[in-house]
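Structure first, commentary second.
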Amino acid sequence: MAIERIDETLCNGCGICIDSCPMEVIGMDEERKKAIVQYPEDCTLCAICEIDCPQKAIYVDPNKWIPVPMCWGL
Amino acid sequence: MPSEMKIKTDVLVIGGGMAGLFASIKAREEGVEVTLVDKNYVSRSGSTAFAEGDYSVFNPDWGHDLTAWMDRIRMVGEYLNNPEWTEVTLRESIERYHDFLSWGIKIKEKEDGQPLIYGRPVGFGPLECCFLGRGWTFLPAMRRQALRLGIKIVDRVMITELLKQDGVVIGAIGFHTQKGDFYQILAKATIMCTGNGTFDMAGAMTPVGFLSYDGEAMAYRAGAEICGKEFSCVGAAAFVSEKNEETRISLRGKTIHTIPTKYPTWISYGPHISFIDSYVDAEGYRVGRLTAAQAIHEGRGPIFYNLDMARPEDLEATLRDIKDSKTEFRLERVGMDLSKGGLYAGVLRLESTPGHGIFGGGVGISSTSLDCTTSLPGLFAAGDVYRSGAVGASYPAFGFGLRNASVTGARAGRSAAKYASTSQWVEIDQKELLKQKQTIYAPLERKGGFHPHWVHQQLQNLIIPYYMMIIKHGERLKAGLTMIEFLKNHISPKLAAKDVHELRLAHETRNRILSIEMMLRSSLFRTESRAIHYREDYPKRDDPNWLALIKIKRKEDSMELVKEPLPEEWWPDLSKPYRFRYPMRFAGEE
């Protein structure tokens with residue numbers, strides 16, 4: 001399923017992955033200061049977030065299944 | 001309503017990949033104020049971020065021969081290149097190479113400390129390159145250099161339209177893709193560096209699903225000429241491996257695995273090995289990359305990669321690149337071990353992403369001079385969005401994309417700086433600005449409508465099957481046009497977005513629709529086959545009738561296509577036999 005997880009115990013909220021993502025898949029939970037996956041369906045599997053994460057907190061799965069979208073949205 | 005940001009700058013650069021960074025840096029070095037805007041984060045954006053890292057350098061000191069290079073590029077591009085631009089991009093590549101060194105970017109060296117210079121694919125003509133490393137490894141140094149020089153970088157702002165007054169481009173507008181703020185940027189000169197486009201959500205070769213022909217679409221809407229769109233797409237194979245198994249197909253005594261090929265559920269992940277010319281069809285016959293689509297068309301699909309057939313030196317080069325870019329984990333995760341050879345299933349599909357389309361100056365906003373000007377005063381362009389003609393109707397060799405982007409970027413930066421020093425800011429009419437602003441945010445205001453994901457899927461289904469843009473036919477192109485006109489006229493104006501992220505997707509989708517229309521119209525217009533443009537109903541090159549370019553221009557709400565013959569001195573020698581002029585064979589040609 002594309003970007004699969006951001007390990008909360010490892011994430012230090014630095015936000016590098018948010019800059020790294022070219023599709024805005026990753027956002028910040030401002031209250032908890034943790035990176036979160038906000039638009040998983042737009043992940044392009046580039047894995048830059050995983051490569052850039054200094055905490056090794058991110059795992060990108062090589063498989064991606066895109067659900068069949070309805071015309072008014074997913 | 002979102003808050004408004006207003007920026008005034010001498011030179012506005014839209015897009016922060018290789019071309020945009022060079023344009024910004026070279027303009028700034030001329031002493032003007034520069035603002036660089038990107039819809040992502042500069043250094044993690046553009047196809048450059050995902051580039052393999054091959055950088056073609058022409059250097060007589062390394063034994064390179066200008067005539068040999070020029071001849072090769074003309075032959076591969078089937079004589080549609082602009083030799084003046086080709087020569088400029090060759091000659092100036094060594095200067096850009098030294099720029100990289102001066103910014104602390106390391107070029108891969110041999111054991112003796114000399115730069116590693118190689119041809120890729122191996123043995124494919126005289127064209128050679130060096131290795132900069134994966135795009136994401138060297139781009140941070142370029143971003144740092146830009147900031148050091150005082151260039152203002154604005155990340156996460158998607159530019160949606162150019163601003164024009166009295167026929168002159170005076171800046172651009174857009175919105176912040178996270179905060180939603182409206183941006184109005186007034187510039188004395190504007191450089192478009194937004195790259196190419198793709199229809200893939202998850203790309204195998206180059207994961208650049210964010211590229212959506214934005215610059216080309218904006219420039220077209222503003223009235224610029226677009227050229228080369230019939231050469232936008234080319235077949236490429238996405239490959240998968242054993243862990244992605246859904247279907248097992250026994251081939252030549254080996255069991256291999258493939259995936260369902262129903263759109264849009266393809267899965268793609270992995271390195272870039274398509275240059276290994278070792279496809280086999282379902283019956284086990286070897287087919288070249290150029291005929292792979294034909295094999296599918298004849299019912300001999302699916303197409304597989306057979307690494308056992310790959311030349312050891314090609315395989316070695318691939319393994320070296322993967323090791324250098326520390327991306328072995330991506331292969332391991334899908335259960336691939338290239339060093340062991342074997343068969344890998346591929347799905348031949350269409351892809352117009354950089355890496356397989358003719359990027360490097362073959363498609364995009366039409367060039368009007370060696371100063372990177374366009375047909376719109378005030379607008380300059382560089383990189384993949386710019387049809388300089390440095391390459392013709394096909395991609396000559398690895399390393400040409402980055403090289404072309406760096407040279408045109410640097411040239412555009414200098415020319416725009418010069419232009420900016422003699423022009424003034426022009427305030428935009430407030431009524432017009434409000435109208436434009438409402439158009440930008442309209443998808444957010446709609447209570448209902450069509451979701452960008454769904455429309456994107458319709459576009460994929462229309463344009464990706466091999467029979468539309470790889471093996472073309474007039475009747476199918478007309479059918480495609482009927483559908484794209486419907487999507488443009490009925491669906492595009494009703495795109496709806498829940499938030500600013502979806503607003504970005506809506507604008508990207510709108511731009512893609514326009515780009516497909518250009519591709520289909522140009523493909524229909526060119527009644528011959530040439531390089532990567534193959535028409536079943538016109539299966540041969542037509543010299544000298546089609547030693548010509550097709551230029552597209554907006555005429556009110558319709559597209560106007562014009563055929564522009566090339567100067568005779570650029571033609572191939574017509575006294576030589578067809579086979580000599582065109583060594584690349586189309587299906588059915590001897």
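How things are named: the first chain in the structure tokens is A, the next is B, and so on; residues count from 1 in each chain; ligands count from 1 in the order shown.
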Original post:
For chain A against chain B, which residues fall within 12 Å using only C-alpha atoms, given as a PyMOL selection string?
Top reply: chain A and resi 1-3+16-28+38-52+59-74
Original post:
If we count only C-alpha atoms, what is near Met468 (chain B) at a cut-off of 8 Å, once residues fewer than 6 positions away on the same chain are taken out, given as a ChimeraX atom specification?
Top reply: /B:462,476-477,480
Contact table region 84-182 of chain B vs region 33-38 of chain B, cut-off 10 Å, shortest pair per residue, only C-alpha atoms, as JSON lines:
{"residue": "B:Ala146", "atom": "CA", "partner": "B:Leu36", "partner_atom": "CA", "distance": 9.2}
{"residue": "B:Leu149", "atom": "CA", "partner": "B:Val34", "partner_atom": "CA", "distance": 9.7}
{"residue": "B:Gly150", "atom": "CA", "partner": "B:Val34", "partner_atom": "CA", "distance": 8.1}
{"residue": "B:Ile151", "atom": "CA", "partner": "B:Val34", "partner_atom": "CA", "distance": 5.3}
{"residue": "B:Lys152", "atom": "CA", "partner": "B:Thr35", "partner_atom": "CA", "distance": 4.7}
{"residue": "B:Ile153", "atom": "CA", "partner": "B:Leu36", "partner_atom": "CA", "distance": 4.8}
{"residue": "B:Val154", "atom": "CA", "partner": "B:Val37", "partner_atom": "CA", "distance": 4.7}
{"residue": "B:Asp155", "atom": "CA", "partner": "B:Asp38", "partner_atom": "CA", "distance": 5.2}
{"residue": "B:Arg156", "atom": "CA", "partner": "B:Asp38", "partner_atom": "CA", "distance": 5.8}
{"residue": "B:Val157", "atom": "CA", "partner": "B:Asp38", "partner_atom": "CA", "distance": 5.7}
{"residue": "B:Met158", "atom": "CA", "partner": "B:Asp38", "partner_atom": "CA", "distance": 6.4}
{"residue": "B:Ile159", "atom": "CA", "partner": "B:Val37", "partner_atom": "CA", "distance": 7.9}
{"residue": "B:Gly174", "atom": "CA", "partner": "B:Val37", "partner_atom": "CA", "distance": 9.9}
{"residue": "B:His176", "atom": "CA", "partner": "B:Asp38", "partner_atom": "CA", "distance": 9.8}
**OP:** For Leu90 (chain B), work out the shell of residues within 9 Å, counting only C-alpha atoms and skipping chain neighbours fewer than 5 positions away, then give it as a list in words.
**Re:**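 Listing them by chain and then by number gives Ser56, Val57, Phe58, Asn59, Leu66, Trp69, Met70, Trp85, Ala390, Arg403, Asn404 and Val407 of chain B.
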Subject >> Residue list (alpha helix (DSSP H), DSSP) for chain A, as a PyMOL selection string >> reply: chain A and resi 16-20+48-52
Kindly save the residues from that selection, with N, CA and C atoms included, as a PDB file, in the first residue's frame.
ATOM      1  N   ILE A  16      11.384  16.644   7.967  1.00  0.00           N
ATOM      2  CA  ILE A  16      12.149  16.501   6.718  1.00  0.00           C
ATOM      3  C   ILE A  16      11.326  15.755   5.669  1.00  0.00           C
ATOM      4  N   CYS A  17      10.618  14.720   6.105  1.00  0.00           N
ATOM      5  CA  CYS A  17       9.837  13.908   5.157  1.00  0.00           C
ATOM      6  C   CYS A  17       8.735  14.726   4.485  1.00  0.00           C
ATOM      7  N   ILE A  18       8.247  15.736   5.189  1.00  0.00           N
ATOM      8  CA  ILE A  18       7.184  16.561   4.608  1.00  0.00           C
ATOM      9  C   ILE A  18       7.742  17.360   3.429  1.00  0.00           C
ATOM     10  N   ASP A  19       8.951  17.888   3.613  1.00  0.00           N
ATOM     11  CA  ASP A  19       9.615  18.579   2.499  1.00  0.00           C
ATOM     12  C   ASP A  19       9.952  17.603   1.379  1.00  0.00           C
ATOM     13  N   SER A  20      10.335  16.403   1.757  1.00  0.00           N
ATOM     14  CA  SER A  20      10.788  15.437   0.756  1.00  0.00           C
ATOM     15  C   SER A  20       9.684  14.997  -0.180  1.00  0.00           C
ATOM     16  N   ILE A  48      11.565   8.614  -1.393  1.00  0.00           N
ATOM     17  CA  ILE A  48      12.487   9.667  -0.940  1.00  0.00           C
ATOM     18  C   ILE A  48      12.304   9.916   0.559  1.00  0.00           C
ATOM     19  N   CYS A  49      11.081   9.832   1.043  1.00  0.00           N
ATOM     20  CA  CYS A  49      10.838  10.050   2.474  1.00  0.00           C
ATOM     21  C   CYS A  49      11.623   9.035   3.303  1.00  0.00           C
ATOM     22  N   GLU A  50      11.578   7.785   2.831  1.00  0.00           N
ATOM     23  CA  GLU A  50      12.286   6.722   3.555  1.00  0.00           C
ATOM     24  C   GLU A  50      13.799   6.946   3.503  1.00  0.00           C
ATOM     25  N   ILE A  51      14.281   7.358   2.326  1.00  0.00           N
ATOM     26  CA  ILE A  51      15.718   7.606   2.168  1.00  0.00           C
ATOM     27  C   ILE A  51      16.154   8.797   3.042  1.00  0.00           C
ATOM     28  N   ASP A  52      15.314   9.832   3.101  1.00  0.00           N
ATOM     29  CA  ASP A  52      15.687  11.053   3.814  1.00  0.00           C
ATOM     30  C   ASP A  52      15.506  10.986   5.332  1.00  0.00           C
TER      31      ASP A  52
END
Original post:
Could you name the residues that touch region 8-12 of chain A at 12 Å or less, counting only C-alpha atoms, but leaving out those on the same chain fewer than 3 positions away, as a PyMOL selection string?
Top reply: chain A and resi 5+15-17+28-29+32-37+50+53-59
Subject >> Å distance separating CA of Ile226 (chain B) from CA of Glu536 (chain B), one decimal place >> reply: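 Between these atoms lies a distance of 24.9 Å.
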**OP:** Pull the strand (DSSP E or B) assignments for region 9-103 of chain B out of DSSP run on the backbone, and list those residues as a list in words.
**Re:** Thr9, Asp10, Val11, Leu12, Val13, Ile14, Val34, Thr35, Leu36, Val37, Asp54, Tyr55 and Ser56 of chain B
Write the residues of the selection above to a file with C-alpha atoms, as a PDB file, in the first residue's frame.
ATOM      1  CA  THR B   9      10.953  40.422  -8.440  1.00  0.00           C
ATOM      2  CA  ASP B  10      13.196  41.131 -11.396  1.00  0.00           C
ATOM      3  CA  VAL B  11      13.232  37.555 -12.610  1.00  0.00           C
ATOM      4  CA  LEU B  12      10.638  34.920 -11.737  1.00  0.00           C
ATOM      5  CA  VAL B  13      11.665  31.297 -12.266  1.00  0.00           C
ATOM      6  CA  ILE B  14       8.851  28.749 -12.213  1.00  0.00           C
ATOM      7  CA  VAL B  34      15.489  36.353  -8.480  1.00  0.00           C
ATOM      8  CA  THR B  35      12.487  34.483  -7.070  1.00  0.00           C
ATOM      9  CA  LEU B  36      12.299  30.724  -7.618  1.00  0.00           C
ATOM     10  CA  VAL B  37       8.879  29.126  -7.123  1.00  0.00           C
ATOM     11  CA  ASP B  54      24.037  10.440 -16.047  1.00  0.00           C
ATOM     12  CA  TYR B  55      25.166  13.818 -17.314  1.00  0.00           C
ATOM     13  CA  SER B  56      26.285  14.061 -20.907  1.00  0.00           C
TER      14      SER B  56
END
Original post:
What gap, in Å, lies between CA of Ile25 (chain B) and CA of Asp61 (chain B)?
Top reply: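 Separation between CA of Ile25 (chain B) and CA of Asp61 (chain B): 27.0 Å.
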